[in-house]
$ cat input10.cif   # mmCIF, C-alpha atoms
data_query
#
loop_
_atom_site.label_atom_id
_atom_site.label_comp_id
_atom_site.auth_asym_id
_atom_site.auth_seq_id
_atom_site.Cartn_x
_atom_site.Cartn_y
_atom_site.Cartn_z
CA MET A 13 -20.77 6.80 18.99
CA SER A 14 -23.40 4.67 20.63
CA ALA A 15 -22.92 2.01 17.96
CA PHE A 16 -19.85 0.80 19.85
CA GLU A 17 -21.66 0.38 23.16
CA GLY A 18 -23.75 -2.54 24.23
CA PRO A 19 -22.96 -6.23 23.77
CA PHE A 20 -20.67 -5.73 20.77
CA GLY A 21 -18.33 -3.24 22.45
CA PRO A 22 -15.76 -5.86 23.53
CA ALA A 23 -15.86 -7.44 20.05
CA PHE A 24 -15.03 -4.05 18.51
CA ALA A 25 -12.17 -3.66 21.00
CA ILE A 26 -10.73 -7.08 20.08
CA VAL A 27 -11.03 -6.28 16.36
CA ALA A 28 -9.29 -2.91 16.92
CA MET A 29 -6.42 -4.61 18.76
CA ALA A 30 -6.16 -7.42 16.21
CA LEU A 31 -5.99 -4.94 13.29
CA ALA A 32 -3.39 -2.77 15.03
CA THR A 33 -1.26 -5.85 15.77
CA TYR A 34 -1.53 -7.33 12.27
CA LEU A 35 -0.59 -3.97 10.73
CA CYS A 36 2.59 -4.01 12.86
CA ARG A 37 3.31 -7.60 11.79
CA VAL A 38 3.11 -6.83 8.05
CA ALA A 39 4.40 -3.23 8.07
CA GLY A 40 8.10 -4.11 8.30
CA VAL A 41 7.89 -6.51 5.36
CA VAL A 42 5.80 -4.09 3.26
CA ILE A 43 8.17 -1.19 3.94
CA MET A 44 11.32 -3.22 3.24
CA SER A 45 9.90 -4.64 -0.01
CA ARG A 46 9.83 -1.05 -1.28
CA VAL A 47 13.33 -0.16 -0.11
CA LYS A 48 16.25 -0.85 -2.42
CA LEU A 49 18.77 -3.21 -0.82
CA THR A 50 21.92 -1.10 -0.99
CA PRO A 51 25.04 -2.40 0.82
CA MET A 52 24.30 0.09 3.61
CA VAL A 53 20.71 -1.12 4.04
CA GLU A 54 22.00 -4.71 4.00
CA ARG A 55 24.50 -3.93 6.76
CA GLY A 56 21.75 -2.30 8.81
CA LEU A 57 19.41 -5.28 8.32
CA ALA A 58 22.24 -7.69 9.18
CA ALA A 59 22.78 -5.87 12.48
CA LEU A 60 19.02 -5.68 13.20
CA PRO A 61 18.26 -9.17 14.65
CA GLY A 62 21.09 -9.00 17.21
CA SER A 63 20.17 -5.40 18.03
CA ILE A 64 16.55 -6.39 18.69
CA VAL A 65 17.78 -9.16 20.99
CA ALA A 66 20.19 -6.86 22.86
CA ALA A 67 17.64 -4.03 23.13
CA THR A 68 15.07 -6.45 24.57
CA ILE A 69 17.03 -8.56 27.02
CA VAL A 70 19.43 -6.05 28.56
CA PRO A 71 16.80 -3.65 29.99
CA ILE A 72 14.49 -6.55 30.96
CA ALA A 73 17.30 -8.43 32.75
CA ILE A 74 18.44 -5.29 34.58
CA LYS A 75 14.86 -4.48 35.59
CA ALA A 76 14.39 -8.07 36.84
CA GLY A 77 17.33 -7.54 39.21
CA PRO A 78 20.24 -9.86 40.10
CA ALA A 79 18.19 -13.00 39.43
CA GLY A 80 17.28 -11.72 35.95
CA ILE A 81 20.87 -10.76 35.08
CA ALA A 82 22.25 -14.08 36.40
CA GLY A 83 19.58 -16.09 34.56
CA VAL A 84 20.25 -14.43 31.19
CA LEU A 85 24.04 -14.72 31.61
CA ALA A 86 23.66 -18.40 32.54
CA ALA A 87 21.63 -18.95 29.35
CA VAL A 88 24.46 -17.42 27.27
CA VAL A 89 27.18 -19.50 28.96
CA VAL A 90 25.23 -22.76 28.73
CA THR A 91 24.42 -22.15 25.05
CA ARG A 92 28.14 -21.65 24.31
CA LEU A 93 29.03 -24.84 26.19
CA THR A 94 26.24 -27.17 25.06
CA HIS A 95 24.74 -25.55 21.90
CA SER A 96 21.35 -26.57 23.33
CA GLU A 97 18.70 -23.91 23.94
CA ILE A 98 16.67 -26.31 26.08
CA ALA A 99 19.62 -26.69 28.46
CA ALA A 100 20.22 -22.92 28.33
CA LEU A 101 16.60 -22.16 29.12
CA ALA A 102 16.41 -24.71 31.94
CA CYS A 103 19.60 -23.43 33.59
CA GLY A 104 18.71 -19.75 33.21
CA VAL A 105 15.18 -20.12 34.55
CA ALA A 106 16.22 -22.53 37.35
CA LEU A 107 19.03 -20.23 38.49
CA ALA A 108 16.67 -17.23 38.61
CA ALA A 109 14.01 -19.22 40.48
CA ALA A 110 16.60 -20.56 42.96
CA MET A 111 18.00 -17.08 43.61
CA ARG A 112 14.50 -15.70 44.19
CA ALA A 113 13.69 -18.61 46.52
CA LEU A 114 16.82 -17.78 48.52
CA GLY A 115 15.81 -14.14 48.65
CA ILE A 116 18.60 -12.88 46.34
CA GLY A 117 17.19 -10.64 43.60
CA MET B 5 22.47 -12.66 1.66
CA SER B 6 21.77 -16.20 0.56
CA SER B 7 20.92 -16.59 -3.11
CA ALA B 8 19.32 -20.04 -2.78
CA PRO B 9 15.57 -20.02 -3.50
CA PRO B 10 13.31 -20.08 -0.44
CA ALA B 11 11.48 -23.29 0.44
CA LEU B 12 8.41 -24.20 2.47
CA THR B 13 8.43 -27.80 3.63
CA PHE B 14 6.53 -29.84 6.17
CA SER B 15 9.77 -31.06 7.73
CA GLY B 16 10.72 -27.39 8.12
CA CYS B 17 7.45 -26.81 10.00
CA LEU B 18 8.27 -29.70 12.34
CA GLN B 19 11.76 -28.32 12.89
CA GLY B 20 10.31 -24.90 13.79
CA ALA B 21 7.82 -26.51 16.16
CA ARG B 22 10.66 -28.35 17.91
CA ILE B 23 12.69 -25.14 18.31
CA VAL B 24 9.90 -23.35 20.21
CA LEU B 25 8.84 -26.30 22.42
CA PRO B 26 11.02 -25.16 25.36
CA THR B 27 9.29 -21.74 25.38
CA LEU B 28 5.83 -23.22 25.88
CA PRO B 29 5.85 -23.25 29.73
CA GLY B 30 6.62 -19.52 29.69
CA VAL B 31 4.05 -18.85 26.96
CA ALA B 32 1.43 -20.82 28.90
CA ALA B 33 2.20 -19.00 32.15
CA PHE B 34 1.51 -15.63 30.57
CA ALA B 35 -1.58 -16.80 28.70
CA ILE B 36 -2.86 -18.07 32.06
CA ALA B 37 -2.10 -14.66 33.57
CA PHE B 38 -4.08 -13.00 30.75
CA GLY B 39 -7.00 -15.40 31.19
CA ALA B 40 -7.04 -14.78 34.94
CA GLY B 41 -6.82 -11.00 34.47
CA SER B 42 -9.61 -11.00 31.92
CA VAL B 43 -12.03 -12.56 34.43
CA GLN B 44 -11.42 -9.66 36.78
CA LYS B 45 -12.18 -7.15 34.01
CA GLY B 46 -15.47 -8.83 33.11
CA LEU B 47 -14.62 -10.41 29.75
CA THR B 48 -16.57 -13.53 28.84
CA VAL B 49 -14.52 -16.67 28.24
CA TRP B 50 -15.22 -16.29 24.49
CA GLU B 51 -13.94 -12.73 24.44
CA SER B 52 -10.85 -13.77 26.35
CA VAL B 53 -10.10 -16.65 23.96
CA ALA B 54 -10.92 -14.53 20.90
CA ALA B 55 -8.44 -11.88 22.06
CA SER B 56 -5.72 -14.54 22.37
CA PHE B 57 -6.65 -16.11 19.03
CA PHE B 58 -6.83 -12.90 16.96
CA VAL B 59 -4.39 -10.57 18.73
CA THR B 60 -1.82 -13.09 20.07
CA ALA B 61 0.50 -10.53 21.63
CA GLY B 62 1.11 -11.13 25.33
CA THR B 63 2.26 -7.73 26.53
CA ALA B 64 -0.36 -5.87 24.49
CA GLN B 65 -3.16 -8.11 25.75
CA LEU B 66 -2.13 -7.76 29.40
CA LEU B 67 -1.84 -4.00 28.99
CA SER B 68 -5.21 -3.78 27.22
CA LEU B 69 -6.88 -5.16 30.34
CA GLU B 70 -5.84 -1.95 32.09
CA LEU B 71 -7.75 -0.01 29.42
CA TRP B 72 -10.75 -2.37 29.36
CA ARG B 73 -14.12 -0.78 30.05
CA ASP B 74 -17.82 -1.57 30.17
CA HIS B 75 -18.82 1.02 27.58
CA TRP B 76 -16.78 1.48 24.43
CA THR B 77 -16.75 4.67 22.41
CA PHE B 78 -14.97 5.47 19.17
CA GLY B 79 -12.38 7.35 21.24
CA SER B 80 -11.69 4.49 23.63
CA LEU B 81 -11.41 2.05 20.70
CA LEU B 82 -8.85 4.33 19.04
CA THR B 83 -6.94 4.54 22.32
CA ILE B 84 -6.73 0.76 22.75
CA ALA B 85 -5.66 0.37 19.08
CA ALA B 86 -2.96 3.04 19.50
CA VAL B 87 -1.61 1.52 22.71
CA THR B 88 -1.59 -1.93 21.07
CA ALA B 89 0.32 -0.60 18.05
CA THR B 90 2.88 1.13 20.29
CA VAL B 91 3.56 -2.02 22.31
CA ASN B 92 3.75 -4.10 19.12
CA ALA B 93 5.94 -1.69 17.15
CA ARG B 94 8.82 -4.13 17.69
CA PHE B 95 7.06 -6.48 15.24
CA ILE B 96 7.65 -3.87 12.50
CA LEU B 97 11.40 -4.25 13.01
CA MET B 98 11.23 -8.04 13.26
CA GLY B 99 9.32 -8.10 9.96
CA ALA B 100 11.87 -5.78 8.37
CA SER B 101 14.71 -8.08 9.42
CA LEU B 102 12.92 -11.11 7.94
CA GLN B 103 11.89 -9.45 4.67
CA PRO B 104 14.97 -10.29 2.53
CA TRP B 105 14.64 -13.89 3.72
CA LEU B 106 10.96 -14.03 2.70
CA ARG B 107 11.61 -12.77 -0.85
CA GLY B 108 10.47 -15.27 -3.45
CA ILE B 109 7.62 -16.54 -1.27
CA SER B 110 4.21 -15.64 -2.76
CA VAL B 111 2.48 -12.58 -1.33
CA PRO B 112 -0.62 -14.45 0.01
CA VAL B 113 1.61 -16.96 1.83
CA GLN B 114 3.70 -14.10 3.22
CA ALA B 115 0.56 -12.25 4.36
CA ALA B 116 -0.82 -15.36 6.07
CA SER B 117 2.46 -16.40 7.69
CA LEU B 118 3.06 -12.90 9.06
CA PHE B 119 -0.04 -13.37 11.22
CA LEU B 120 2.26 -15.83 13.03
CA LEU B 121 5.01 -13.28 13.71
CA PHE B 122 5.72 -13.64 17.45
CA GLU B 123 8.96 -13.41 19.43
CA ALA B 124 9.31 -17.20 19.49
CA SER B 125 8.64 -17.77 15.76
CA TRP B 126 10.88 -14.86 14.77
CA LEU B 127 13.60 -16.36 16.95
CA ALA B 128 13.21 -19.79 15.38
CA ALA B 129 13.40 -18.23 11.89
CA GLU B 130 16.46 -16.11 12.70
CA LYS B 131 18.22 -19.09 14.23
CA HIS B 132 17.52 -21.26 11.18
CA ARG B 133 18.60 -18.38 8.92
CA ALA B 134 21.83 -17.74 10.86
CA GLN B 135 22.75 -21.34 10.10
CA GLY B 136 22.14 -20.73 6.37
CA GLY B 137 18.60 -22.15 6.26
CA ARG B 138 16.06 -21.04 3.67
CA ASP B 139 12.97 -22.96 4.83
CA VAL B 140 10.07 -20.61 5.69
CA GLY B 141 8.31 -23.68 7.14
CA VAL B 142 10.49 -23.25 10.24
CA PHE B 143 8.87 -19.85 10.83
CA ILE B 144 5.35 -21.11 10.12
CA GLY B 145 5.67 -24.29 12.23
CA ALA B 146 7.09 -22.35 15.18
CA GLY B 147 4.31 -19.78 14.78
CA ILE B 148 1.45 -22.29 14.68
CA VAL B 149 2.65 -24.07 17.84
CA SER B 150 3.12 -20.78 19.74
CA TRP B 151 -0.24 -19.43 18.52
CA LEU B 152 -2.23 -22.55 19.50
CA ALA B 153 -0.44 -22.89 22.86
CA TRP B 154 -1.10 -19.24 23.68
CA THR B 155 -4.79 -19.49 22.74
CA ALA B 156 -5.33 -22.84 24.49
CA ALA B 157 -3.65 -21.76 27.74
CA THR B 158 -5.99 -18.76 28.00
CA VAL B 159 -8.87 -21.13 28.87
CA PRO B 160 -7.41 -22.72 32.06
CA GLY B 161 -6.24 -19.22 32.97
CA TYR B 162 -9.81 -18.01 32.77
CA TRP B 163 -11.15 -20.77 35.05
CA ILE B 164 -8.34 -21.42 37.52
CA GLY B 165 -6.06 -18.44 36.99
CA THR B 166 -6.53 -17.00 40.43
CA LEU B 167 -5.23 -20.25 41.93
CA VAL B 168 -1.98 -20.18 39.93
CA ALA B 169 1.01 -18.83 41.78
CA ASP B 170 2.99 -15.82 40.61
CA PRO B 171 4.89 -16.90 37.43
CA LYS B 172 7.88 -14.88 38.66
CA ARG B 173 8.40 -17.30 41.53
CA PHE B 174 9.32 -20.05 39.06
CA GLY B 175 11.39 -17.75 36.88
CA LEU B 176 8.83 -18.11 34.08
CA ASP B 177 9.02 -14.38 33.34
CA LEU B 178 12.60 -15.06 32.19
CA VAL B 179 11.80 -17.81 29.68
CA LEU B 180 11.74 -15.48 26.66
CA PRO B 181 14.74 -13.35 27.76
CA CYS B 182 16.78 -16.56 28.30
CA PHE B 183 15.65 -17.93 24.93
CA LEU B 184 16.63 -14.65 23.25
CA ALA B 185 20.01 -14.73 25.02
CA SER B 186 20.53 -18.22 23.65
CA LEU B 187 19.78 -16.90 20.14
CA ALA B 188 22.30 -14.09 20.63
CA VAL B 189 25.05 -16.73 20.81
CA VAL B 190 23.99 -18.12 17.41
CA LEU B 191 23.79 -14.63 15.86
CA TRP B 192 27.20 -13.50 17.20
CA ARG B 193 29.61 -12.56 14.39
CA GLY B 194 32.52 -11.25 16.44
CA PRO B 195 33.22 -8.01 18.33
CA ARG B 196 33.39 -5.76 15.23
CA ARG B 197 30.36 -6.92 13.30
CA SER B 198 28.16 -7.71 16.31
CA GLY B 199 29.75 -6.29 19.44
CA VAL B 200 29.56 -2.59 18.54
CA PRO B 201 25.96 -2.50 17.19
CA TRP B 202 24.68 -4.72 20.00
CA ALA B 203 26.36 -2.62 22.68
CA ILE B 204 24.87 0.54 21.19
CA ALA B 205 21.44 -1.15 20.99
CA ALA B 206 21.67 -2.25 24.64
CA VAL B 207 22.82 1.13 25.96
CA VAL B 208 20.22 3.12 23.98
CA ALA B 209 17.47 0.68 25.03
CA PHE B 210 18.49 0.88 28.69
CA LEU B 211 18.64 4.69 28.68
CA THR B 212 15.30 4.91 26.86
CA GLN B 213 13.73 2.57 29.39
CA THR B 214 14.85 4.76 32.29
CA LEU B 215 13.64 7.96 30.58
CA VAL B 216 10.47 6.97 28.69
CA PRO B 217 7.63 4.87 30.13
CA GLY B 218 6.28 1.91 28.16
CA TYR B 219 7.96 -0.28 25.60
CA VAL B 220 9.53 2.28 23.26
CA PHE B 221 12.93 1.12 24.50
CA ILE B 222 12.99 -2.01 22.33
CA VAL B 223 12.31 -0.02 19.15
CA ALA B 224 14.72 2.79 20.05
CA GLY B 225 17.57 0.40 20.90
CA SER B 226 16.99 -1.82 17.85
CA ILE B 227 17.03 1.11 15.43
CA ALA B 228 20.17 2.54 17.05
CA GLY B 229 21.94 -0.82 16.68
CA ALA B 230 20.87 -1.23 13.05
CA VAL B 231 21.98 2.31 12.17
CA ALA B 232 25.33 1.66 13.85
CA GLY B 233 25.68 -1.52 11.80
CA ALA B 234 24.73 0.31 8.59
CA VAL B 235 27.24 3.15 8.94
CA MET B 236 30.14 0.95 9.98
CA ARG B 237 32.61 0.49 7.14
CA GLU B 238 33.10 -3.26 7.30
CA ARG B 239 30.66 -5.32 5.26
CA VAL B 240 28.72 -7.78 7.37
#
$ encode --input "input10.cif" --output "structure tokens"
Amino acid sequence: MSAFEGPFGPAFAIVAMALATYLCRVAGVVIMSRVKLTPMVERGLAALPGSIVAATIVPIAIKAGPAGIAGVLAAVVVTRLTHSEIAALACGVALAAAMRALGIG
Amino acid sequence: MSSAPPALTFSGCLQGARIVLPTLPGVAAFAIAFGAGSVQKGLTVWESVAASFFVTAGTAQLLSLELWRDHWTFGSLLTIAAVTATVNARFILMGASLQPWLRGISVPVQAASLFLLFEASWLAAEKHRAQGGRDVGVFIGAGIVSWLAWTAATVPGYWIGTLVADPKRFGLDLVLPCFLASLAVVLWRGPRRSGVPWAIAAVVAFLTQTLVPGYVFIVAGSIAGAVAGAVMRERV
């Protein structure tokens, strides 16, 4: 046990975190390369990217309050209007910052 | 699924780099927050930069500072690895969604490029792919820029972090959510193919977040949405 103490303890911790993270990064690809791509699996994979996006932004926006919800909605609207993610990002972030500066959200 | 062979070009790398440029202020703000936090927990500047360079996962790194200690045991190392894996479990799903697109790329190149799997690079790849693109360079270019920006911004965070104002005040905590929302528009395939799975993903994620602490909600919601998409009759 004592091998992990002393000056190399933090290095071991960083290596442990790096390994755990890299395993997550490759695991999905490794698993899916062993799964047969049936039409059902294909439909599931096709729905996956949008589901990841929805599952990430909806709870985060709600947790961030009115400014978070307004910012994310503004990004969607501006993307539809301009097809530019830079404009979408600028509007969403600026709206949220402005609302927070005004004390809303 | 596209049947065209995958490519890896330098112009693709540049295209990917351009796609993630707008996320860099948000990326930098959180790397600065990590750098600043790591000073408080007693990391040296080298340890702080090494963590950003080798781990490169914002939420996991910020959370790991809460578990940081002066004396490490086998048990505490296992704990920090387990917490890191839990927070980063969403990468498993992102990798799974990219896998059909990476087929045909050699295994060593896949293994190396997956080191660069971050939210921003995944987003750039999915956007390119939604438009019919087959250039893995987009993923790699986006990844390299995000990775270097994240690592580089840790250094000023370490030295001047305590002077930097709360990133929330400038809305910088919403950079990635807004970027993801922008991607959602590109991925949208109509109410039947996208609306139902996304709504299920959002509701399950929200409920999970209110019931379970931590970041399980992303994984739970994503799987629910994918399963909904898989069992629905219409072919996507």
$ residues_near_point --input "input10.cif" --point "(13.9, -11.8, 41.1)" --cutoff "9 Å" --atoms "all atoms listed in the file" --output "ChimeraX atom specification"
/A:76-80,108-109,111-113,115-117 /B:172-173,175
$ write_last_selection --input "input10.cif" --atoms "C-alpha atoms" --output "short mmCIF file (atom, residue, chain, number, x, y, z; two decimals), in the coordinates of the input"
data_model
loop_
_atom_site.label_atom_id
_atom_site.label_comp_id
_atom_site.auth_asym_id
_atom_site.auth_seq_id
_atom_site.Cartn_x
_atom_site.Cartn_y
_atom_site.Cartn_z
CA ALA A 76 14.39 -8.07 36.84
CA GLY A 77 17.33 -7.54 39.21
CA PRO A 78 20.24 -9.86 40.10
CA ALA A 79 18.19 -13.00 39.43
CA GLY A 80 17.28 -11.72 35.95
CA ALA A 108 16.67 -17.23 38.61
CA ALA A 109 14.01 -19.22 40.48
CA MET A 111 18.00 -17.08 43.61
CA ARG A 112 14.50 -15.70 44.19
CA ALA A 113 13.69 -18.61 46.52
CA GLY A 115 15.81 -14.14 48.65
CA ILE A 116 18.60 -12.88 46.34
CA GLY A 117 17.19 -10.64 43.60
CA LYS B 172 7.88 -14.88 38.66
CA ARG B 173 8.40 -17.30 41.53
CA GLY B 175 11.39 -17.75 36.88
#
$ residues_around --input "input10.cif" --residues "Ala55 of chain B" --least-positions-apart "5" --cutoff "10 Å" --atoms "only C-alpha atoms" --output "list in words"
Pro22, Ala23, Ala25, Ile26, Val27, Met29 and Ala30 of chain A; Phe38, Gly39, Ser42, Leu47, Val49, Trp50, Thr60, Ala61, Gln65, Thr155 and Thr158 of chain B
$ atom_distance --input "input10.cif" --atom1 "atom CA of Gly21 of chain A" --atom2 "atom CA of His75 of chain B"
6.7 Å
$ atom_distance --input "input10.cif" --atom1 "atom CA of Leu107 of chain A" --atom2 "atom CA of Val84 of chain A"
9.4 Å
$ resolve_selection --input "input10.cif" --expression "the PyMOL selection byres ((chain B) within 7 of (chain A))" --output "PyMOL selection string"
chain B and resi 26+55+58-59+75-78+81+84-85+88-89+92-93+95-97+99-101+103+118-119+121+173-176+178-179+181-186+188-189+191+198+201-202+205-206+209-210+213+222+225-226+229-231+233-235+239-240
$ axis_aligned_box --input "input10.cif" --around "segment 49-59 of chain A" --padding-each-side "4 Å" --output "JSON"
{"center_x": 21.9, "center_y": -3.8, "center_z": 5.7, "size_x": 14.3, "size_y": 15.8, "size_z": 21.5}
$ atom_distance --input "input10.cif" --atom1 "atom CA of Ser117 of chain B" --atom2 "atom CA of Ala146 of chain B"
10.6 Å
$ resolve_selection --input "input10.cif" --expression "the PyMOL selection byres ((chain B and resi 12) around 10)" --output "ChimeraX atom specification"
/B:10-11,13-17,109,113,138-144
$ closest_residue --input "input10.cif" --among "B:Leu67, B:Ile23, B:Ala37, B:Val91" --to "Ala157 of chain B" --atoms "all atoms listed in the file"
B:Ala37
$ closest_residue --input "input10.cif" --among "B:Leu180, B:Leu120, B:Leu187, B:Leu69" --to "Ser150 of chain B" --atoms "only C-alpha atoms"
B:Leu120
$ closest_residue --input "input10.cif" --among "B:Val31, B:Pro195, B:Gly145, B:Arg94" --to "Ile227 of chain B" --atoms "all atoms listed in the file"
B:Arg94
$ decode --input "input10.cif" --residues "segment 99-115 of chain A" --atoms "N, CA and C atoms" --output "PDB file, in the first residue's frame"
ATOM      1  N   ALA A  99     -22.841  32.052 -34.726  1.00  0.00           N
ATOM      2  CA  ALA A  99     -23.910  33.000 -34.391  1.00  0.00           C
ATOM      3  C   ALA A  99     -24.792  32.421 -33.287  1.00  0.00           C
ATOM      4  N   ALA A 100     -25.095  31.108 -33.383  1.00  0.00           N
ATOM      5  CA  ALA A 100     -25.960  30.470 -32.391  1.00  0.00           C
ATOM      6  C   ALA A 100     -25.335  30.536 -31.005  1.00  0.00           C
ATOM      7  N   LEU A 101     -24.038  30.225 -30.966  1.00  0.00           N
ATOM      8  CA  LEU A 101     -23.308  30.214 -29.705  1.00  0.00           C
ATOM      9  C   LEU A 101     -23.248  31.614 -29.111  1.00  0.00           C
ATOM     10  N   ALA A 102     -22.927  32.602 -29.952  1.00  0.00           N
ATOM     11  CA  ALA A 102     -22.807  33.980 -29.478  1.00  0.00           C
ATOM     12  C   ALA A 102     -24.146  34.464 -28.917  1.00  0.00           C
ATOM     13  N   CYS A 103     -25.236  34.197 -29.631  1.00  0.00           N
ATOM     14  CA  CYS A 103     -26.542  34.665 -29.175  1.00  0.00           C
ATOM     15  C   CYS A 103     -26.964  33.960 -27.886  1.00  0.00           C
ATOM     16  N   GLY A 104     -26.783  32.625 -27.851  1.00  0.00           N
ATOM     17  CA  GLY A 104     -27.190  31.871 -26.669  1.00  0.00           C
ATOM     18  C   GLY A 104     -26.448  32.320 -25.425  1.00  0.00           C
ATOM     19  N   VAL A 105     -25.115  32.412 -25.551  1.00  0.00           N
ATOM     20  CA  VAL A 105     -24.285  32.778 -24.404  1.00  0.00           C
ATOM     21  C   VAL A 105     -24.550  34.232 -23.994  1.00  0.00           C
ATOM     22  N   ALA A 106     -24.682  35.140 -24.996  1.00  0.00           N
ATOM     23  CA  ALA A 106     -24.912  36.555 -24.686  1.00  0.00           C
ATOM     24  C   ALA A 106     -26.269  36.743 -24.006  1.00  0.00           C
ATOM     25  N   LEU A 107     -27.285  36.024 -24.492  1.00  0.00           N
ATOM     26  CA  LEU A 107     -28.612  36.152 -23.877  1.00  0.00           C
ATOM     27  C   LEU A 107     -28.568  35.699 -22.417  1.00  0.00           C
ATOM     28  N   ALA A 108     -27.907  34.547 -22.167  1.00  0.00           N
ATOM     29  CA  ALA A 108     -27.817  34.037 -20.794  1.00  0.00           C
ATOM     30  C   ALA A 108     -27.050  35.013 -19.904  1.00  0.00           C
ATOM     31  N   ALA A 109     -25.937  35.553 -20.420  1.00  0.00           N
ATOM     32  CA  ALA A 109     -25.141  36.495 -19.624  1.00  0.00           C
ATOM     33  C   ALA A 109     -25.946  37.756 -19.335  1.00  0.00           C
ATOM     34  N   ALA A 110     -26.687  38.247 -20.347  1.00  0.00           N
ATOM     35  CA  ALA A 110     -27.487  39.467 -20.167  1.00  0.00           C
ATOM     36  C   ALA A 110     -28.579  39.235 -19.125  1.00  0.00           C
ATOM     37  N   MET A 111     -29.248  38.071 -19.219  1.00  0.00           N
ATOM     38  CA  MET A 111     -30.310  37.788 -18.250  1.00  0.00           C
ATOM     39  C   MET A 111     -29.756  37.710 -16.835  1.00  0.00           C
ATOM     40  N   ARG A 112     -28.575  37.074 -16.699  1.00  0.00           N
ATOM     41  CA  ARG A 112     -27.970  36.980 -15.361  1.00  0.00           C
ATOM     42  C   ARG A 112     -27.561  38.357 -14.850  1.00  0.00           C
ATOM     43  N   ALA A 113     -27.060  39.212 -15.780  1.00  0.00           N
ATOM     44  CA  ALA A 113     -26.655  40.562 -15.369  1.00  0.00           C
ATOM     45  C   ALA A 113     -27.857  41.354 -14.886  1.00  0.00           C
ATOM     46  N   LEU A 114     -29.024  41.088 -15.492  1.00  0.00           N
ATOM     47  CA  LEU A 114     -30.241  41.798 -15.101  1.00  0.00           C
ATOM     48  C   LEU A 114     -30.916  41.155 -13.892  1.00  0.00           C
ATOM     49  N   GLY A 115     -30.341  40.045 -13.435  1.00  0.00           N
ATOM     50  CA  GLY A 115     -30.898  39.396 -12.260  1.00  0.00           C
ATOM     51  C   GLY A 115     -32.019  38.423 -12.563  1.00  0.00           C
TER      52      GLY A 115
END
